[in-house]
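So this one's coords01.csv, CSV, C-alpha atoms:
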chain,number,residue,atom,x,y,z
A,1,MET,CA,-299.5,8.2,-3.9
A,2,THR,CA,-302.7,6.2,-4.0
A,3,GLY,CA,-300.8,3.5,-6.0
A,4,ASP,CA,-298.4,3.3,-3.1
A,5,VAL,CA,-301.1,2.5,-0.7
A,6,THR,CA,-302.5,-0.4,-2.7
A,7,THR,CA,-299.1,-2.1,-3.1
A,8,ARG,CA,-298.1,-1.8,0.6
A,9,ALA,CA,-297.3,-5.2,2.2
A,10,SER,CA,-299.6,-6.4,4.9
A,11,HIS,CA,-296.9,-6.2,7.6
A,12,LEU,CA,-296.1,-2.6,6.9
A,13,GLU,CA,-297.8,-0.2,9.3
A,14,HIS,CA,-299.3,2.9,7.8
A,15,HIS,CA,-297.0,5.4,9.6
A,16,PHE,CA,-293.8,4.0,8.1
A,17,HIS,CA,-292.4,5.0,4.7
A,18,ASP,CA,-291.2,1.6,3.8
A,19,ALA,CA,-290.5,-1.8,5.4
A,20,GLU,CA,-286.8,-1.0,5.9
A,21,GLN,CA,-287.7,2.1,8.0
A,22,GLN,CA,-290.1,0.0,10.0
A,23,ARG,CA,-287.5,-2.6,10.6
A,24,GLY,CA,-284.9,0.0,11.6
A,25,ALA,CA,-287.2,1.7,14.0
A,26,ALA,CA,-288.2,-1.6,15.7
A,27,LYS,CA,-284.6,-2.6,16.1
A,28,LEU,CA,-283.5,0.7,17.5
A,29,GLY,CA,-286.4,0.4,20.0
A,30,MET,CA,-285.2,-3.0,20.9
A,31,TRP,CA,-281.6,-1.8,21.4
A,32,ILE,CA,-282.8,1.0,23.6
A,33,PHE,CA,-284.8,-1.5,25.7
A,34,LEU,CA,-281.7,-3.7,25.9
A,35,ALA,CA,-279.7,-0.7,27.1
A,36,THR,CA,-282.2,-0.2,30.0
A,37,GLU,CA,-281.8,-3.9,30.8
A,38,ILE,CA,-278.1,-3.5,30.9
A,39,LEU,CA,-278.3,-0.6,33.3
A,40,PHE,CA,-281.0,-2.5,35.3
A,41,PHE,CA,-278.7,-5.5,35.8
A,42,GLY,CA,-275.8,-3.1,36.3
A,43,GLY,CA,-277.2,-2.0,39.6
A,44,LEU,CA,-277.1,-5.6,40.8
A,45,PHE,CA,-273.6,-6.2,39.5
A,46,LEU,CA,-272.5,-3.1,41.4
A,47,ALA,CA,-274.3,-4.4,44.5
A,48,TYR,CA,-272.2,-7.6,44.1
A,49,GLY,CA,-269.0,-5.5,43.7
A,50,ALA,CA,-269.8,-3.4,46.8
A,51,MET,CA,-270.7,-6.5,49.0
A,52,ARG,CA,-267.6,-8.3,47.7
A,53,PHE,CA,-265.5,-5.3,48.6
A,54,PHE,CA,-267.0,-5.1,52.1
A,55,TYR,CA,-266.9,-8.9,52.8
A,56,PRO,CA,-264.2,-10.5,50.7
A,57,GLY,CA,-263.6,-13.4,53.1
A,58,THR,CA,-267.3,-14.2,53.3
A,59,PHE,CA,-267.6,-14.3,49.5
A,60,ARG,CA,-264.6,-16.6,49.2
A,61,ALA,CA,-266.1,-19.0,51.8
A,62,ALA,CA,-269.7,-18.9,50.6
A,63,HIS,CA,-269.1,-19.2,46.8
A,64,ALA,CA,-267.7,-22.7,47.5
A,65,PHE,CA,-271.3,-23.8,48.2
A,66,LEU,CA,-272.3,-23.2,44.6
A,67,SER,CA,-271.8,-26.1,42.2
A,68,VAL,CA,-269.3,-25.3,39.4
A,69,PRO,CA,-270.4,-28.3,37.3
A,70,MET,CA,-274.1,-27.2,37.5
A,71,GLY,CA,-273.2,-23.6,36.6
A,72,GLY,CA,-270.8,-24.7,33.9
A,73,LEU,CA,-273.5,-26.9,32.4
A,74,ASN,CA,-276.0,-24.1,32.4
A,75,THR,CA,-273.5,-21.8,30.8
A,76,ALA,CA,-273.0,-24.3,28.0
A,77,VAL,CA,-276.8,-24.8,27.7
A,78,LEU,CA,-277.4,-21.0,27.4
A,79,ILE,CA,-274.6,-20.5,24.8
A,80,THR,CA,-276.0,-23.4,22.8
A,81,SER,CA,-279.5,-21.8,22.9
A,82,SER,CA,-277.9,-18.6,21.8
A,83,LEU,CA,-276.5,-20.4,18.8
A,84,THR,CA,-279.8,-22.0,17.9
A,85,MET,CA,-281.5,-18.6,18.3
A,86,ALA,CA,-279.0,-17.0,15.9
A,87,LEU,CA,-279.5,-19.8,13.4
A,88,ALA,CA,-283.3,-19.4,13.8
A,89,VAL,CA,-283.0,-15.7,12.8
A,90,ARG,CA,-280.8,-16.9,9.9
A,91,ALA,CA,-283.6,-19.3,8.8
A,92,ALA,CA,-286.1,-16.5,8.9
A,93,GLN,CA,-283.8,-14.3,6.8
A,94,LEU,CA,-283.7,-17.2,4.3
A,95,SER,CA,-287.5,-17.7,4.5
A,96,ASN,CA,-287.0,-21.3,5.7
A,97,THR,CA,-290.0,-21.7,7.9
A,98,ARG,CA,-289.4,-25.4,8.6
A,99,HIS,CA,-285.9,-24.7,10.0
A,100,LEU,CA,-287.1,-21.6,11.8
A,101,VAL,CA,-289.8,-23.5,13.7
A,102,ARG,CA,-287.4,-26.3,14.6
A,103,LEU,CA,-284.6,-24.0,15.8
A,104,LEU,CA,-287.1,-22.0,17.9
A,105,LEU,CA,-288.3,-25.3,19.5
A,106,VAL,CA,-284.7,-26.4,20.3
A,107,THR,CA,-284.1,-22.9,21.8
A,108,LEU,CA,-287.2,-23.3,23.9
A,109,LEU,CA,-286.2,-26.7,25.0
A,110,LEU,CA,-282.7,-25.5,26.0
A,111,ALA,CA,-284.2,-22.7,28.0
A,112,GLY,CA,-286.3,-25.3,29.8
A,113,VAL,CA,-283.1,-27.4,30.5
A,114,PHE,CA,-281.5,-24.2,32.0
A,115,LEU,CA,-284.5,-23.7,34.3
A,116,VAL,CA,-284.5,-27.4,35.4
A,117,VAL,CA,-280.8,-27.2,36.3
A,118,LYS,CA,-281.5,-24.0,38.2
A,119,TYR,CA,-284.4,-25.7,40.0
A,120,ILE,CA,-282.1,-28.5,41.1
A,121,GLU,CA,-279.5,-25.9,42.4
A,122,TYR,CA,-282.2,-23.8,44.2
A,123,SER,CA,-283.8,-26.8,45.9
A,124,HIS,CA,-280.4,-27.9,47.1
A,125,LYS,CA,-279.7,-24.4,48.6
A,126,PHE,CA,-283.2,-24.3,50.2
A,127,HIS,CA,-282.6,-27.7,51.7
A,128,LEU,CA,-279.3,-26.6,53.3
A,129,GLY,CA,-280.8,-23.3,54.4
A,130,LEU,CA,-278.4,-21.3,52.2
A,131,LEU,CA,-280.9,-18.4,51.8
A,132,PRO,CA,-280.8,-14.6,51.8
A,133,GLY,CA,-281.0,-12.4,54.9
A,134,ARG,CA,-283.0,-13.6,57.9
A,135,PHE,CA,-284.0,-16.8,56.1
A,136,PHE,CA,-280.4,-18.1,56.3
A,137,THR,CA,-280.3,-21.0,58.6
A,138,ALA,CA,-277.1,-22.9,57.6
A,139,ARG,CA,-274.1,-23.1,60.0
A,140,GLY,CA,-270.4,-23.3,59.4
A,141,ILE,CA,-269.7,-20.4,57.0
A,142,ALA,CA,-267.7,-17.6,58.6
A,143,GLY,CA,-268.6,-14.0,58.1
A,144,MET,CA,-271.9,-12.8,56.6
A,145,PRO,CA,-272.9,-15.6,54.2
A,146,HIS,CA,-276.6,-14.5,54.2
A,147,VAL,CA,-275.4,-11.3,52.3
A,148,PHE,CA,-273.7,-13.5,49.6
A,149,PHE,CA,-276.8,-15.6,49.2
A,150,GLY,CA,-278.9,-12.5,49.0
A,151,VAL,CA,-276.8,-11.3,46.1
A,152,TYR,CA,-276.8,-14.8,44.6
A,153,PHE,CA,-280.6,-15.3,44.7
A,154,VAL,CA,-281.5,-11.8,43.6
A,155,MET,CA,-279.1,-11.9,40.6
A,156,THR,CA,-279.8,-15.4,39.4
A,157,GLY,CA,-283.5,-15.1,40.3
A,158,LEU,CA,-283.9,-12.0,38.2
A,159,HIS,CA,-282.0,-13.6,35.4
A,160,GLY,CA,-284.3,-16.7,35.8
A,161,VAL,CA,-287.3,-14.4,35.4
A,162,HIS,CA,-285.7,-13.1,32.2
A,163,VAL,CA,-285.3,-16.7,31.0
A,164,ILE,CA,-289.0,-17.3,31.7
A,165,ALA,CA,-290.0,-14.1,29.8
A,166,GLY,CA,-287.8,-15.2,27.0
A,167,MET,CA,-289.6,-18.6,26.8
A,168,ILE,CA,-292.9,-16.8,26.6
A,169,ILE,CA,-291.9,-14.6,23.8
A,170,ILE,CA,-290.1,-17.4,21.9
A,171,THR,CA,-293.3,-19.4,22.2
A,172,TRP,CA,-295.2,-16.4,20.8
A,173,ILE,CA,-293.0,-16.1,17.7
A,174,LEU,CA,-292.9,-19.9,17.4
A,175,LEU,CA,-296.7,-20.0,17.0
A,176,ARG,CA,-296.6,-17.2,14.5
A,177,ALA,CA,-293.7,-18.8,12.6
A,178,ARG,CA,-295.7,-22.0,12.2
A,179,GLN,CA,-298.4,-19.9,10.4
A,180,GLY,CA,-295.6,-18.9,8.0
A,181,ARG,CA,-295.7,-15.2,9.0
A,182,TYR,CA,-292.0,-14.7,8.9
A,183,HIS,CA,-289.9,-14.6,5.7
A,184,ALA,CA,-287.0,-12.7,4.1
A,185,ALA,CA,-289.1,-9.5,3.7
A,186,TYR,CA,-290.4,-9.6,7.3
A,187,TYR,CA,-288.7,-11.2,10.2
A,188,THR,CA,-288.3,-8.3,12.7
A,189,PRO,CA,-290.1,-10.0,15.6
A,190,VAL,CA,-287.8,-13.0,15.3
A,191,GLU,CA,-284.7,-10.8,15.2
A,192,ASN,CA,-285.8,-8.7,18.2
A,193,VAL,CA,-286.7,-11.8,20.3
A,194,GLY,CA,-283.3,-13.1,19.3
A,195,LEU,CA,-281.6,-9.9,20.5
A,196,TYR,CA,-283.4,-10.2,23.8
A,197,TRP,CA,-282.4,-13.9,24.1
A,198,HIS,CA,-278.7,-13.1,23.4
A,199,LEU,CA,-278.8,-10.4,26.1
A,200,VAL,CA,-280.0,-13.0,28.6
A,201,ASP,CA,-277.0,-15.2,27.6
A,202,LEU,CA,-274.7,-12.1,27.8
A,203,ILE,CA,-275.8,-11.5,31.4
A,204,TRP,CA,-275.2,-15.1,32.4
A,205,ILE,CA,-271.7,-14.9,30.8
A,206,PHE,CA,-270.9,-12.4,33.6
A,207,LEU,CA,-272.9,-14.0,36.4
A,208,PHE,CA,-271.3,-17.4,36.0
A,209,PRO,CA,-267.7,-16.5,36.7
A,210,LEU,CA,-268.5,-13.8,39.3
A,211,LEU,CA,-270.8,-16.0,41.4
A,212,TYR,CA,-269.4,-19.6,40.8
A,213,LEU,CA,-265.8,-19.2,39.9
A,214,VAL,CA,-264.0,-16.2,41.3
A,215,LYS,CA,-262.5,-16.8,44.7
B,1,MET,CA,-263.8,0.5,11.7
B,2,SER,CA,-265.9,3.5,10.9
B,3,ALA,CA,-265.0,3.3,7.2
B,4,ASN,CA,-265.9,-0.4,7.3
B,5,ALA,CA,-269.2,0.4,9.1
B,6,SER,CA,-270.5,2.6,6.4
B,7,THR,CA,-270.0,-0.1,3.8
B,8,THR,CA,-271.2,-3.1,5.7
B,9,ALA,CA,-274.1,-1.5,7.6
B,10,ASP,CA,-276.3,-1.4,4.5
B,11,PRO,CA,-279.9,-1.5,5.8
B,12,GLN,CA,-281.3,-2.4,2.4
B,13,GLN,CA,-279.6,-5.8,2.5
B,14,PRO,CA,-279.6,-7.4,6.0
B,15,HIS,CA,-276.4,-9.4,6.5
B,16,VAL,CA,-276.9,-13.2,6.3
B,17,ALA,CA,-274.0,-14.9,8.0
B,18,SER,CA,-273.0,-18.5,7.1
B,19,VAL,CA,-273.8,-21.4,9.4
B,20,ALA,CA,-270.1,-22.1,9.6
B,21,SER,CA,-269.3,-18.6,11.0
B,22,TYR,CA,-272.0,-19.1,13.7
B,23,LEU,CA,-270.5,-22.5,14.6
B,24,LYS,CA,-267.0,-21.0,14.9
B,25,ILE,CA,-268.3,-18.4,17.3
B,26,TYR,CA,-270.1,-21.1,19.3
B,27,ALA,CA,-267.0,-23.2,19.5
B,28,ALA,CA,-264.9,-20.2,20.7
B,29,LEU,CA,-267.5,-19.4,23.4
B,30,LEU,CA,-267.4,-23.0,24.7
B,31,VAL,CA,-263.6,-23.1,24.6
B,32,LEU,CA,-263.5,-19.8,26.6
B,33,THR,CA,-266.0,-21.2,29.1
B,34,TYR,CA,-263.7,-24.2,29.6
B,35,VAL,CA,-260.7,-21.9,29.9
B,36,THR,CA,-262.4,-19.7,32.6
B,37,VAL,CA,-263.4,-22.8,34.6
B,38,GLN,CA,-259.8,-24.2,34.4
B,39,VAL,CA,-258.2,-20.9,35.3
B,40,SER,CA,-260.5,-20.6,38.4
B,41,LEU,CA,-259.1,-24.0,39.6
B,42,LEU,CA,-255.6,-22.5,39.6
B,43,ASP,CA,-256.2,-20.4,42.7
B,44,LEU,CA,-254.6,-17.3,41.3
B,45,GLY,CA,-255.6,-15.2,44.2
B,46,ASP,CA,-256.5,-11.5,43.7
B,47,PRO,CA,-255.8,-11.4,39.9
B,48,ALA,CA,-258.3,-14.2,39.4
B,49,ILE,CA,-261.3,-11.8,39.0
B,50,TYR,CA,-259.4,-9.7,36.4
B,51,VAL,CA,-258.7,-12.9,34.3
B,52,ALA,CA,-262.3,-14.1,34.7
B,53,MET,CA,-263.7,-10.7,33.7
B,54,ALA,CA,-261.3,-10.4,30.7
B,55,VAL,CA,-262.5,-13.8,29.4
B,56,ALA,CA,-266.1,-12.8,30.1
B,57,ILE,CA,-265.7,-9.5,28.1
B,58,VAL,CA,-264.2,-11.4,25.2
B,59,LYS,CA,-267.2,-13.8,25.2
B,60,ALA,CA,-269.7,-10.9,25.5
B,61,THR,CA,-268.0,-9.1,22.6
B,62,LEU,CA,-268.3,-12.2,20.4
B,63,VAL,CA,-272.0,-12.6,21.3
B,64,ALA,CA,-272.7,-8.9,20.7
B,65,LEU,CA,-270.7,-8.7,17.4
B,66,TYR,CA,-271.8,-11.9,15.8
B,67,PHE,CA,-274.9,-13.4,17.4
B,68,MET,CA,-276.5,-9.9,17.9
B,69,HIS,CA,-275.1,-8.8,14.5
B,70,LEU,CA,-273.7,-5.5,15.9
B,71,ARG,CA,-270.8,-5.9,13.5
B,72,HIS,CA,-273.2,-5.5,10.6
B,73,ASP,CA,-275.7,-3.2,12.3
B,74,THR,CA,-276.2,0.5,11.9
B,75,GLY,CA,-273.8,2.8,13.8
B,76,PHE,CA,-276.6,4.2,15.8
B,77,ASN,CA,-277.6,0.8,17.3
B,78,ARG,CA,-273.9,0.2,18.1
B,79,PHE,CA,-273.9,3.6,19.8
B,80,VAL,CA,-276.9,2.8,22.0
B,81,PHE,CA,-275.2,-0.5,23.2
B,82,VAL,CA,-271.8,1.0,23.8
B,83,GLY,CA,-273.4,4.1,25.3
B,84,SER,CA,-275.2,2.0,27.9
B,85,LEU,CA,-271.8,0.3,28.7
B,86,LEU,CA,-270.2,3.7,29.1
B,87,PHE,CA,-272.8,4.8,31.6
B,88,LEU,CA,-272.3,1.5,33.4
B,89,VAL,CA,-268.5,2.2,33.6
B,90,ILE,CA,-269.2,5.7,35.1
B,91,PHE,CA,-271.7,4.2,37.6
B,92,PHE,CA,-269.2,1.5,38.7
B,93,ALA,CA,-266.1,3.7,38.7
B,94,LEU,CA,-267.5,6.5,40.8
B,95,THR,CA,-269.2,4.2,43.3
B,96,MET,CA,-266.1,2.0,43.7
B,97,VAL,CA,-263.8,5.0,44.1
B,98,ASP,CA,-266.2,6.2,46.8
B,99,LEU,CA,-266.2,2.9,48.6
B,100,GLY,CA,-262.5,2.5,48.2
B,101,SER,CA,-261.6,5.9,49.5
B,102,ARG,CA,-264.0,6.1,52.4
B,103,GLY,CA,-261.4,4.6,54.8
B,104,SER,CA,-258.7,7.1,53.9
B,105,VAL,CA,-261.1,10.1,54.1
B,106,GLN,CA,-262.2,8.8,57.5
B,107,GLU,CA,-258.5,8.5,58.5
B,108,MET,CA,-257.8,12.1,57.4
B,109,GLN,CA,-260.8,13.3,59.3
B,110,ASP,CA,-259.8,11.3,62.4
B,111,ASN,CA,-256.3,12.8,62.3
B,112,PHE,CA,-257.6,16.2,61.9
B,113,VAL,CA,-260.0,15.8,64.8
B,114,LEU,CA,-257.1,14.2,66.8
B,115,GLN,CA,-254.8,17.1,66.2
B,116,GLN,CA,-257.5,19.6,67.0
B,117,ASP,CA,-258.2,17.7,70.2
B,118,ARG,CA,-254.6,17.4,71.1
B,119,ALA,CA,-254.0,21.1,70.6
B,120,ALA,CA,-257.1,21.8,72.8
B,121,THR,CA,-256.0,19.4,75.5
B,122,GLU,CA,-252.5,20.9,75.5
B,123,ALA,CA,-253.8,24.4,75.7
B,124,ALA,CA,-256.0,23.4,78.6
B,125,THR,CA,-253.4,21.5,80.6
B,126,LYS,CA,-250.2,23.5,80.0
B,127,PRO,CA,-249.7,26.6,82.1
B,128,PRO,CA,-250.4,29.6,80.1
B,129,VAL,CA,-247.3,30.9,78.4
B,130,ALA,CA,-246.9,34.5,77.7
B,131,ALA,CA,-247.7,34.8,74.1
B,132,PRO,CA,-245.1,36.6,72.1
B,133,VAL,CA,-246.4,39.9,71.3
B,134,ALA,CA,-245.8,41.2,67.9
B,135,LYS,CA,-243.9,44.3,68.2
B,136,PRO,CA,-244.8,47.0,65.8
B,137,ALA,CA,-242.0,47.8,63.5
B,138,HIS,CA,-240.2,51.0,64.2

Turn this file's structure into structure tokens for me.
Amino acid sequence: MTGDVTTRASHLEHHFHDAEQQRGAAKLGMWIFLATEILFFGGLFLAYGAMRFFYPGTFRAAHAFLSVPMGGLNTAVLITSSLTMALAVRAAQLSNTRHLVRLLLVTLLLAGVFLVVKYIEYSHKFHLGLLPGRFFTARGIAGMPHVFFGVYFVMTGLHGVHVIAGMIIITWILLRARQGRYHAAYYTPVENVGLYWHLVDLIWIFLFPLLYLVK
Amino acid sequence: MSANASTTADPQQPHVASVASYLKIYAALLVLTYVTVQVSLLDLGDPAIYVAMAVAIVKATLVALYFMHLRHDTGFNRFVFVGSLLFLVIFFALTMVDLGSRGSVQEMQDNFVLQQDRAATEAATKPPVAAPVAKPAH
């Protein structure tokens, strides 16, 4: 028993039997968190569904004011960042710190590109007065366009907050990866940040067609 | 699937997928994005949302299975993910059924009220008719 204690790896917390149990517990915790995120966004997707059900004409008219090229570009950017994140986890699995750091940097950069595109879109909407609720000042859209833009800004805004949170935690593991802390025997933080990042991508996969494409 | 899961979900040896397999999934995701944009230009009308959601579900499945490694993960992590989706389906289905059927319930209620009202009006305006008295059977 005492022999066990002396040979324990530095990354293994004392309350776990072995590294594999620790990794499994951390991943399960992450998946449960992701499940709450799915339900959290689910409420907004349902709000979208209800509003679309009530005002189908408005949604058809108002969605034309979103830029499909911009949304499409951001979809491609997020999917690419998901790929680089998946490859970063792979680099960690193979103890390749150099690749891990580079791939995390590229992921971070792509997340930044996503936000820049989003900023351009948002400032255009602000300029036209295509804003939620009582802030809506644009003219020429029939029905209740302020409801559509309410749904649009809350859904993409909350998604944007998740992108920013993702950038913060990617920066965190990037700094630790540079110190060589992650390797084949221990890469759980990289894996869990990766799972979070893929979920952000997953939500955008549904947001893009629902808001930008579907007439 | 379940037999496969017990052999592939070996927690002792985390699955390391090849770079080529990730690139294939990436290419599929980009192609599907292109497809969904092109389909939206066709102006399909009402079915458009079903086509768009079908493509999005395929994309989401690819991300979950391969990028998020659910294909090689433990059954319990898969259960957590699928479980959350199941509750989402319940949440959506019950709410949409409610929203979709409110009109018809209202109509039924209106008709009922109308009939009651009509009966009451008729009773008030028509001269009283001698109600048939049930005769006791001999």

For this session: Do me a favour and pick out the residues of chain A within 9 Å of chain B, using only C-alpha atoms, as an NGL selection string.
Result: :A and (20-21 or 24 or 27-28 or 31-32 or 34-36 or 38-39 or 42-43 or 45-46 or 49-50 or 53-54 or 68 or 72 or 75-76 or 79-80 or 82-83 or 85-87 or 90 or 93-94 or 191 or 194-195 or 198-199 or 201-203 or 205-206 or 209-210 or 213-215)

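The spacing separating atom CA of A:Leu174 from atom CA of A:Ala25 amounts to 22.6 Å.
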
Determine, counting all atoms listed in the file, which protein, DNA and RNA residues have an atom within 12 Å of an atom of A:Leu115; residues of the same chain fewer than 2 positions away are not included. Present the result as a PDB file with C-alpha atoms, in the coordinates of the input.
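The resulting file, part15.pdb, is reproduced below:
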ATOM      1  CA  MET A  70    -274.100 -27.200  37.500  1.00  0.00           C
ATOM      2  CA  GLY A  71    -273.200 -23.600  36.600  1.00  0.00           C
ATOM      3  CA  LEU A  73    -273.500 -26.900  32.400  1.00  0.00           C
ATOM      4  CA  ASN A  74    -276.000 -24.100  32.400  1.00  0.00           C
ATOM      5  CA  THR A  75    -273.500 -21.800  30.800  1.00  0.00           C
ATOM      6  CA  VAL A  77    -276.800 -24.800  27.700  1.00  0.00           C
ATOM      7  CA  LEU A  78    -277.400 -21.000  27.400  1.00  0.00           C
ATOM      8  CA  LEU A 108    -287.200 -23.300  23.900  1.00  0.00           C
ATOM      9  CA  LEU A 109    -286.200 -26.700  25.000  1.00  0.00           C
ATOM     10  CA  LEU A 110    -282.700 -25.500  26.000  1.00  0.00           C
ATOM     11  CA  ALA A 111    -284.200 -22.700  28.000  1.00  0.00           C
ATOM     12  CA  GLY A 112    -286.300 -25.300  29.800  1.00  0.00           C
ATOM     13  CA  VAL A 113    -283.100 -27.400  30.500  1.00  0.00           C
ATOM     14  CA  VAL A 117    -280.800 -27.200  36.300  1.00  0.00           C
ATOM     15  CA  LYS A 118    -281.500 -24.000  38.200  1.00  0.00           C
ATOM     16  CA  TYR A 119    -284.400 -25.700  40.000  1.00  0.00           C
ATOM     17  CA  ILE A 120    -282.100 -28.500  41.100  1.00  0.00           C
ATOM     18  CA  GLU A 121    -279.500 -25.900  42.400  1.00  0.00           C
ATOM     19  CA  TYR A 122    -282.200 -23.800  44.200  1.00  0.00           C
ATOM     20  CA  THR A 156    -279.800 -15.400  39.400  1.00  0.00           C
ATOM     21  CA  GLY A 157    -283.500 -15.100  40.300  1.00  0.00           C
ATOM     22  CA  HIS A 159    -282.000 -13.600  35.400  1.00  0.00           C
ATOM     23  CA  GLY A 160    -284.300 -16.700  35.800  1.00  0.00           C
ATOM     24  CA  VAL A 161    -287.300 -14.400  35.400  1.00  0.00           C
ATOM     25  CA  HIS A 162    -285.700 -13.100  32.200  1.00  0.00           C
ATOM     26  CA  VAL A 163    -285.300 -16.700  31.000  1.00  0.00           C
ATOM     27  CA  ILE A 164    -289.000 -17.300  31.700  1.00  0.00           C
ATOM     28  CA  ALA A 165    -290.000 -14.100  29.800  1.00  0.00           C
ATOM     29  CA  GLY A 166    -287.800 -15.200  27.000  1.00  0.00           C
ATOM     30  CA  MET A 167    -289.600 -18.600  26.800  1.00  0.00           C
TER      31      MET A 167
END

Exercise. Leaving out A:Tyr152 and any residue of its chain fewer than 3 positions from it, which residues lie within 12 Å of it when counting all atoms listed in the file, given as a VMD selection string?
Worked result: chain A and resid 44 to 45 47 to 48 51 to 52 59 62 to 63 65 to 66 121 to 122 125 130 to 133 145 to 149 155 to 160 207 to 208 210 to 212

Selected residues written out with C-alpha atoms, as a short mmCIF file (atom, residue, chain, number, x, y, z; two decimals), in the coordinates of the input:
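Ended up saving to part01.cif:
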data_model
loop_
_atom_site.label_atom_id
_atom_site.label_comp_id
_atom_site.auth_asym_id
_atom_site.auth_seq_id
_atom_site.Cartn_x
_atom_site.Cartn_y
_atom_site.Cartn_z
CA LEU A 44 -277.10 -5.60 40.80
CA PHE A 45 -273.60 -6.20 39.50
CA ALA A 47 -274.30 -4.40 44.50
CA TYR A 48 -272.20 -7.60 44.10
CA MET A 51 -270.70 -6.50 49.00
CA ARG A 52 -267.60 -8.30 47.70
CA PHE A 59 -267.60 -14.30 49.50
CA ALA A 62 -269.70 -18.90 50.60
CA HIS A 63 -269.10 -19.20 46.80
CA PHE A 65 -271.30 -23.80 48.20
CA LEU A 66 -272.30 -23.20 44.60
CA GLU A 121 -279.50 -25.90 42.40
CA TYR A 122 -282.20 -23.80 44.20
CA LYS A 125 -279.70 -24.40 48.60
CA LEU A 130 -278.40 -21.30 52.20
CA LEU A 131 -280.90 -18.40 51.80
CA PRO A 132 -280.80 -14.60 51.80
CA GLY A 133 -281.00 -12.40 54.90
CA PRO A 145 -272.90 -15.60 54.20
CA HIS A 146 -276.60 -14.50 54.20
CA VAL A 147 -275.40 -11.30 52.30
CA PHE A 148 -273.70 -13.50 49.60
CA PHE A 149 -276.80 -15.60 49.20
CA MET A 155 -279.10 -11.90 40.60
CA THR A 156 -279.80 -15.40 39.40
CA GLY A 157 -283.50 -15.10 40.30
CA LEU A 158 -283.90 -12.00 38.20
CA HIS A 159 -282.00 -13.60 35.40
CA GLY A 160 -284.30 -16.70 35.80
CA LEU A 207 -272.90 -14.00 36.40
CA PHE A 208 -271.30 -17.40 36.00
CA LEU A 210 -268.50 -13.80 39.30
CA LEU A 211 -270.80 -16.00 41.40
CA TYR A 212 -269.40 -19.60 40.80
#

Problem set entry | Interatomic distance (Å, one decimal) between atom CA of A:Tyr55 and atom CA of A:Ala138 | 18.0 Å

Skipping near chain neighbours, those fewer than 5 positions away, what residues fall within 12 Å of A:Arg176 using only C-alpha atoms, listed as a JSON list (two decimals) with C-alpha atoms, keeping the file's coordinate frame?
[["chain", "number", "residue", "atom", "x", "y", "z"],
["A", 92, "ALA", "CA", -286.10, -16.50, 8.90],
["A", 97, "THR", "CA", -290.00, -21.70, 7.90],
["A", 100, "LEU", "CA", -287.10, -21.60, 11.80],
["A", 101, "VAL", "CA", -289.80, -23.50, 13.70],
["A", 104, "LEU", "CA", -287.10, -22.00, 17.90],
["A", 169, "ILE", "CA", -291.90, -14.60, 23.80],
["A", 170, "ILE", "CA", -290.10, -17.40, 21.90],
["A", 171, "THR", "CA", -293.30, -19.40, 22.20],
["A", 181, "ARG", "CA", -295.70, -15.20, 9.00],
["A", 182, "TYR", "CA", -292.00, -14.70, 8.90],
["A", 183, "HIS", "CA", -289.90, -14.60, 5.70],
["A", 187, "TYR", "CA", -288.70, -11.20, 10.20],
["A", 189, "PRO", "CA", -290.10, -10.00, 15.60],
["A", 190, "VAL", "CA", -287.80, -13.00, 15.30]]

Rebuild stretch 115-124 of chain B to N, CA and C atoms - output it as a JSON list (two decimals), in the frame of the given file, please.
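Ended up saving to out-v4.json:
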[["chain", "number", "residue", "atom", "x", "y", "z"],
["B", 115, "GLN", "N", -255.74, 15.99, 66.00],
["B", 115, "GLN", "CA", -254.80, 17.10, 66.20],
["B", 115, "GLN", "C", -255.48, 18.29, 66.85],
["B", 116, "GLN", "N", -256.70, 18.55, 66.42],
["B", 116, "GLN", "CA", -257.50, 19.60, 67.00],
["B", 116, "GLN", "C", -257.63, 19.36, 68.53],
["B", 117, "ASP", "N", -257.97, 18.08, 68.79],
["B", 117, "ASP", "CA", -258.20, 17.70, 70.20],
["B", 117, "ASP", "C", -256.96, 17.80, 71.00],
["B", 118, "ARG", "N", -255.85, 17.34, 70.40],
["B", 118, "ARG", "CA", -254.60, 17.40, 71.10],
["B", 118, "ARG", "C", -254.21, 18.84, 71.45],
["B", 119, "ALA", "N", -254.37, 19.63, 70.44],
["B", 119, "ALA", "CA", -254.00, 21.10, 70.60],
["B", 119, "ALA", "C", -254.89, 21.66, 71.73],
["B", 120, "ALA", "N", -256.17, 21.28, 71.74],
["B", 120, "ALA", "CA", -257.10, 21.80, 72.80],
["B", 120, "ALA", "C", -256.70, 21.33, 74.15],
["B", 121, "THR", "N", -256.35, 20.00, 74.19],
["B", 121, "THR", "CA", -256.00, 19.40, 75.50],
["B", 121, "THR", "C", -254.70, 20.09, 76.00],
["B", 122, "GLU", "N", -253.72, 20.24, 75.10],
["B", 122, "GLU", "CA", -252.50, 20.90, 75.50],
["B", 122, "GLU", "C", -252.70, 22.28, 76.02],
["B", 123, "ALA", "N", -253.53, 22.98, 75.30],
["B", 123, "ALA", "CA", -253.80, 24.40, 75.70],
["B", 123, "ALA", "C", -254.45, 24.42, 77.07],
["B", 124, "ALA", "N", -255.30, 23.39, 77.35],
["B", 124, "ALA", "CA", -256.00, 23.40, 78.60],
["B", 124, "ALA", "C", -255.12, 23.01, 79.79]]
